[in-house]
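Engineer: The file below is entry.cif, mmCIF, C-alpha atoms:
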```
data_run
#
loop_
_atom_site.label_atom_id
_atom_site.label_comp_id
_atom_site.auth_asym_id
_atom_site.auth_seq_id
_atom_site.Cartn_x
_atom_site.Cartn_y
_atom_site.Cartn_z
CA MET A 174 -50.59 14.05 20.79
CA THR A 175 -50.03 10.32 20.53
CA PHE A 176 -51.05 10.45 16.86
CA ILE A 177 -48.50 13.19 16.13
CA ALA A 178 -45.75 11.23 17.92
CA GLU A 179 -46.58 8.08 15.97
CA LEU A 180 -46.65 10.03 12.70
CA LEU A 181 -43.22 11.50 13.46
CA ILE A 182 -41.77 8.08 14.27
CA ALA A 183 -43.29 6.57 11.12
CA ILE A 184 -41.83 9.38 8.97
CA PHE A 185 -38.37 8.85 10.47
CA LEU A 186 -38.60 5.10 9.85
CA ILE A 187 -39.77 5.45 6.23
CA VAL A 188 -37.06 8.03 5.42
CA SER A 189 -34.40 5.79 6.96
CA GLY A 190 -35.66 2.76 5.02
CA ILE A 191 -35.62 4.63 1.72
CA PHE A 192 -32.12 5.98 2.27
CA GLY A 193 -30.77 2.62 3.44
CA PHE A 194 -32.19 1.06 0.27
CA VAL A 195 -30.74 3.79 -1.96
CA GLY A 196 -27.35 3.56 -0.28
CA SER A 197 -27.04 -0.12 -1.09
CA PHE A 198 -28.66 0.19 -4.52
CA GLY A 199 -25.81 2.54 -5.40
CA MET A 200 -23.40 -0.31 -4.68
CA ILE A 201 -24.80 -2.33 -7.59
CA LYS A 202 -25.74 0.64 -9.78
CA LEU A 203 -22.41 2.49 -9.94
CA ASN A 204 -19.72 1.00 -12.15
CA ASP A 205 -16.47 2.56 -10.94
CA PRO A 206 -14.87 1.45 -7.62
CA MET A 207 -14.25 5.05 -6.61
CA SER A 208 -17.82 6.04 -7.50
CA ARG A 209 -19.04 3.32 -5.17
CA LEU A 210 -17.41 5.10 -2.21
CA HIS A 211 -20.19 7.68 -2.59
CA ALA A 212 -23.12 5.29 -2.07
CA PRO A 213 -22.79 4.01 1.54
CA THR A 214 -22.59 7.52 3.00
CA LYS A 215 -26.37 7.71 2.57
CA ALA A 216 -26.86 4.46 4.44
CA THR A 217 -24.61 5.67 7.27
CA THR A 218 -25.96 9.15 7.87
CA LEU A 219 -29.65 9.14 6.98
CA GLY A 220 -30.29 5.38 7.11
CA VAL A 221 -28.97 4.50 10.55
CA GLY A 222 -29.49 8.08 11.76
CA GLY A 223 -33.20 7.94 10.92
CA VAL A 224 -33.66 4.67 12.81
CA LEU A 225 -31.86 6.11 15.83
CA LEU A 226 -33.93 9.31 15.69
CA ALA A 227 -37.09 7.18 15.58
CA SER A 228 -35.88 5.24 18.61
CA ILE A 229 -35.09 8.41 20.57
CA THR A 230 -38.49 9.90 19.66
CA HIS A 231 -40.21 6.64 20.67
CA SER A 232 -38.61 6.59 24.10
CA VAL A 233 -39.10 10.31 24.76
CA LEU A 234 -42.64 10.88 23.47
CA LEU A 235 -44.32 7.50 24.00
CA GLU A 236 -42.51 6.03 27.00
CA GLY A 237 -41.73 9.33 28.72
CA LYS A 238 -38.06 8.77 29.52
CA LEU A 239 -35.00 10.36 28.00
CA SER A 240 -32.69 7.86 26.33
CA LEU A 241 -29.53 9.17 24.75
CA HIS A 242 -27.32 6.15 24.27
CA GLU A 243 -28.51 5.95 20.67
CA LEU A 244 -26.36 9.03 20.11
CA LEU A 245 -23.27 6.96 20.94
CA ILE A 246 -23.88 4.73 17.92
CA THR A 247 -24.45 7.78 15.69
CA LEU A 248 -21.26 9.42 16.95
CA PHE A 249 -19.25 6.24 16.46
CA LEU A 250 -20.53 5.75 12.91
CA PHE A 251 -19.88 9.39 12.00
CA LEU A 252 -16.32 9.05 13.30
CA THR A 253 -15.49 5.76 11.59
CA ALA A 254 -17.15 6.08 8.15
CA PRO A 255 -14.60 8.64 6.75
CA ILE A 256 -11.69 6.52 8.02
CA THR A 257 -13.02 3.50 6.15
CA ALA A 258 -13.47 5.56 2.97
CA LEU A 259 -9.92 6.93 3.32
CA PHE A 260 -8.45 3.44 3.62
CA ILE A 261 -10.30 2.17 0.55
CA ALA A 262 -9.23 5.24 -1.47
CA LYS A 263 -5.62 4.63 -0.37
CA TRP A 264 -5.95 1.03 -1.54
CA HIS A 265 -7.09 2.28 -4.96
CA ILE A 266 -4.14 4.66 -5.27
CA HIS A 267 -1.76 1.97 -4.05
CA ARG A 268 -2.92 -0.74 -6.46
CA HIS A 269 -4.38 0.98 -9.53
CA GLU A 270 -2.71 4.39 -9.97
CA LEU A 271 0.80 5.21 -11.13
CA PRO A 272 2.63 8.24 -9.70
CA SER A 273 2.75 9.74 -13.22
CA ASP A 274 -1.07 9.59 -13.55
CA LEU A 275 -1.81 11.60 -10.41
CA PRO A 276 -1.82 15.42 -10.20
CA ASP A 277 1.22 17.22 -8.88
CA ALA A 278 1.89 16.71 -5.18
CA GLY A 279 3.10 20.28 -4.59
CA GLU A 280 6.32 20.74 -2.69
CA ASP A 281 6.66 17.00 -2.01
CA GLU A 282 7.88 14.66 -4.72
CA LEU A 283 5.18 11.97 -4.35
CA TRP A 284 1.84 11.48 -2.65
CA ALA A 285 2.11 9.80 0.75
CA THR A 286 0.66 6.50 -0.45
CA HIS A 287 3.42 6.14 -3.06
CA ALA A 288 6.20 7.59 -0.92
CA VAL A 289 6.76 4.46 1.17
CA GLU A 290 10.14 2.77 1.05
CA GLN A 291 10.21 -0.61 -0.66
CA VAL A 292 10.54 -3.56 1.72
CA GLU A 293 12.09 -6.80 0.57
CA ASP A 294 9.91 -9.43 2.23
CA VAL A 295 6.45 -8.17 1.32
CA PRO A 296 4.39 -11.10 0.04
CA ASP A 297 3.05 -11.02 -3.49
CA HIS A 298 -0.52 -9.69 -3.70
CA SER A 299 -0.71 -8.94 -7.38
CA ALA A 300 -4.07 -10.72 -7.57
CA ASN A 301 -5.57 -7.85 -5.58
CA MET B 183 -48.99 2.99 12.06
CA ILE B 184 -45.56 2.50 13.65
CA GLU B 185 -45.92 -1.24 13.06
CA TYR B 186 -46.29 -0.86 9.29
CA ALA B 187 -43.47 1.70 9.14
CA ILE B 188 -41.23 -0.80 10.97
CA TYR B 189 -42.21 -3.51 8.47
CA PHE B 190 -41.36 -1.15 5.59
CA ALA B 191 -37.97 -0.35 7.09
CA PHE B 192 -37.30 -4.06 7.69
CA ALA B 193 -38.02 -4.79 4.00
CA CYS B 194 -35.81 -1.90 2.84
CA PHE B 195 -32.81 -2.87 4.95
CA GLY B 196 -33.25 -6.55 4.12
CA ALA B 197 -33.19 -5.75 0.39
CA ALA B 198 -30.15 -3.52 1.04
CA ILE B 199 -28.28 -6.43 2.63
CA MET B 200 -29.17 -8.66 -0.33
CA MET B 201 -27.84 -6.07 -2.79
CA CYS B 202 -24.59 -5.74 -0.83
CA LEU B 203 -24.27 -9.54 -0.88
CA TRP B 204 -24.76 -9.49 -4.66
CA ARG B 205 -22.01 -6.89 -4.97
CA ILE B 206 -19.68 -9.00 -2.82
CA ILE B 207 -20.25 -11.97 -5.14
CA THR B 208 -19.83 -10.04 -8.42
CA ALA B 209 -17.19 -7.49 -7.39
CA ASP B 210 -14.30 -6.60 -9.72
CA GLY B 211 -11.73 -5.99 -6.99
CA VAL B 212 -11.04 -6.64 -3.35
CA GLY B 213 -11.62 -2.99 -2.35
CA THR B 214 -15.19 -3.13 -3.57
CA ARG B 215 -15.73 -6.29 -1.54
CA VAL B 216 -14.47 -4.60 1.63
CA LEU B 217 -16.71 -1.58 0.96
CA ALA B 218 -19.75 -3.81 0.41
CA LEU B 219 -18.97 -5.71 3.63
CA ASP B 220 -18.76 -2.42 5.54
CA THR B 221 -22.14 -1.37 4.11
CA MET B 222 -23.58 -4.73 5.20
CA VAL B 223 -22.38 -4.07 8.76
CA ILE B 224 -24.08 -0.64 8.72
CA ASN B 225 -27.34 -2.19 7.47
CA THR B 226 -27.07 -4.86 10.18
CA ILE B 227 -26.80 -2.15 12.86
CA ALA B 228 -29.99 -0.55 11.53
CA LEU B 229 -31.76 -3.94 11.46
CA MET B 230 -30.81 -4.70 15.07
CA ILE B 231 -32.06 -1.33 16.31
CA LEU B 232 -35.29 -1.85 14.33
CA TYR B 233 -35.74 -5.29 15.93
CA GLY B 234 -35.26 -3.80 19.39
CA LEU B 235 -37.76 -1.07 18.52
CA SER B 236 -40.36 -3.58 17.35
CA LYS B 237 -39.90 -5.81 20.41
CA GLY B 238 -39.86 -2.87 22.83
CA THR B 239 -36.57 -3.83 24.46
CA GLU B 240 -33.36 -1.83 24.89
CA ILE B 241 -30.87 -4.66 25.07
CA PHE B 242 -30.14 -4.50 21.35
CA PHE B 243 -28.46 -1.11 21.59
CA GLU B 244 -25.44 -2.61 23.31
CA ALA B 245 -25.35 -5.38 20.71
CA ALA B 246 -25.55 -2.81 17.90
CA MET B 247 -22.71 -0.82 19.51
CA ILE B 248 -20.53 -3.93 19.67
CA ILE B 249 -21.37 -4.79 16.02
CA ALA B 250 -20.41 -1.24 15.00
CA MET B 251 -17.05 -1.50 16.77
CA LEU B 252 -16.31 -4.97 15.37
CA GLY B 253 -17.27 -3.85 11.87
CA PHE B 254 -14.89 -0.90 12.05
CA VAL B 255 -12.02 -3.00 13.40
CA SER B 256 -12.52 -5.69 10.75
CA THR B 257 -12.65 -3.10 7.95
CA VAL B 258 -9.43 -1.50 9.18
CA ALA B 259 -7.79 -4.93 9.38
CA TYR B 260 -8.84 -5.73 5.80
CA ALA B 261 -7.55 -2.33 4.63
CA ARG B 262 -4.20 -2.87 6.38
CA PHE B 263 -3.94 -6.26 4.71
CA MET B 264 -4.71 -4.79 1.29
CA LEU B 265 -2.20 -1.97 1.71
CA ARG B 266 0.73 -3.63 3.47
CA GLY B 267 0.36 -7.39 3.05
CA ASN B 268 0.18 -8.06 6.78
CA ILE B 269 -1.86 -6.65 9.66
CA ILE B 270 0.46 -6.49 12.69
CA GLU B 271 4.02 -5.62 11.68
#
```
What's the structure tokens form of this structure?

Structural biologist:
Amino acid sequence: MTFIAELLIAIFLIVSGIFGFVGSFGMIKLNDPMSRLHAPTKATTLGVGGVLLASITHSVLLEGKLSLHELLITLFLFLTAPITALFIAKWHIHRHELPSDLPDAGEDELWATHAVEQVEDVPDHSAN
Amino acid sequence: MIEYAIYFAFACFGAAIMMCLWRIITADGVGTRVLALDTMVINTIALMILYGLSKGTEIFFEAAMIIAMLGFVSTVAYARFMLRGNIIE
């Protein structure tokens, strides 16, 4: 029984290590900034999730006590990773896309990122 | 067996942090830098939980939770700065 528990924990750890490595290898492998949004999702879900599953399995099967506060970290990461990706995609639309290059916005005139009113005293960030 | 699996995961996440650092240095835009920094924070969370697992202590879960929250807040602050030019309007 102890051998099976240790095997399960080792499998979770190895899977999480491989996916964490792949998630960051995609950061240097992919060439396009919007393609790079795809890579860290692996590191978030299966990388950190595998480590947390290994920790839960360790405390339940080997130490004999139920520990669920690892799930808080998983829940927090699953909630915040799409928000981060949305902000970076909005930055790309804001800085690198013209309204004429994007597909039709339907019944609105412009997409929401372009449809902000121009403010006078915005500092110059053209280097971005 | 768990010991060697933990060493393997340590090596993988350490190499992942080095690759994110390389992408921060050689990025072609500020959005890529923010994305690489966010990935570094995620890898750091995994490393801290792995360290707590190898030492047999539970005190690193709270630290990992705080790192996760700080990483999210800093990424949102960077994104606000990239989009609007200032953070608190």

Engineer: Please identify all residues of chain A having at least one atom at most 8 Å from any atom of chain B, considering only C-alpha atoms, and return them as an MDAnalysis selection string.

Structural biologist: chainID A and resid 179:180 182:184 186:187 189:191 193:198 200:201 206 209:210 213 216:217 220:221 224:225 228 242:243 245:246 249:250 253 257 260:261 263:265 267 295:298 301

Engineer: One decimal, Å: what's the distance from CA of Pro255 in chain A over to CA of Ile241 in chain B, could you say?

Structural biologist: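 Answer for the CA of Pro255 in chain A to CA of Ile241 in chain B separation: 27.9 Å.
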
Engineer: Report, in Å with one decimal, the straight-line distance from CA of Leu235 in chain A to CA of Leu248 in chain A.

Structural biologist: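 The value is 24.2 Å.
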
Engineer: State, in Å with one decimal place, the distance from CA of Asp277 in chain A to CA of Met207 in chain A.

Structural biologist: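 Separation of CA of Asp277 in chain A and CA of Met207 in chain A: 19.8 Å.
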
Engineer: Using the chain letters and numbers from this file, what does the PyMOL selection byres ((chain A and resi 287) around 10) select? Give the answer as a PyMOL selection string.

Structural biologist: chain A and resi 263+266-268+270-272+282-286+288-291

Engineer: Next, dump the selected residues to file, keeping only C-alpha atoms, as a PDB file, in the coordinates of the input.

Structural biologist:
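As a result, result-v3.pdb now contains:
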```pdb
ATOM      1  CA  LYS A 263      -5.620   4.630  -0.370  1.00  0.00           C
ATOM      2  CA  ILE A 266      -4.140   4.660  -5.270  1.00  0.00           C
ATOM      3  CA  HIS A 267      -1.760   1.970  -4.050  1.00  0.00           C
ATOM      4  CA  ARG A 268      -2.920  -0.740  -6.460  1.00  0.00           C
ATOM      5  CA  GLU A 270      -2.710   4.390  -9.970  1.00  0.00           C
ATOM      6  CA  LEU A 271       0.800   5.210 -11.130  1.00  0.00           C
ATOM      7  CA  PRO A 272       2.630   8.240  -9.700  1.00  0.00           C
ATOM      8  CA  GLU A 282       7.880  14.660  -4.720  1.00  0.00           C
ATOM      9  CA  LEU A 283       5.180  11.970  -4.350  1.00  0.00           C
ATOM     10  CA  TRP A 284       1.840  11.480  -2.650  1.00  0.00           C
ATOM     11  CA  ALA A 285       2.110   9.800   0.750  1.00  0.00           C
ATOM     12  CA  THR A 286       0.660   6.500  -0.450  1.00  0.00           C
ATOM     13  CA  ALA A 288       6.200   7.590  -0.920  1.00  0.00           C
ATOM     14  CA  VAL A 289       6.760   4.460   1.170  1.00  0.00           C
ATOM     15  CA  GLU A 290      10.140   2.770   1.050  1.00  0.00           C
ATOM     16  CA  GLN A 291      10.210  -0.610  -0.660  1.00  0.00           C
TER      17      GLN A 291
END
```

Engineer: So that all listed atoms of range 237-251 of chain A fit with 5 Å spare on each side, what axis-aligned box centre and edge lengths in Å, to one decimal, would you give as JSON?

Structural biologist:
```
{"center_x": -30.5, "center_y": 7.5, "center_z": 20.8, "size_x": 32.5, "size_y": 15.6, "size_z": 27.5}
```
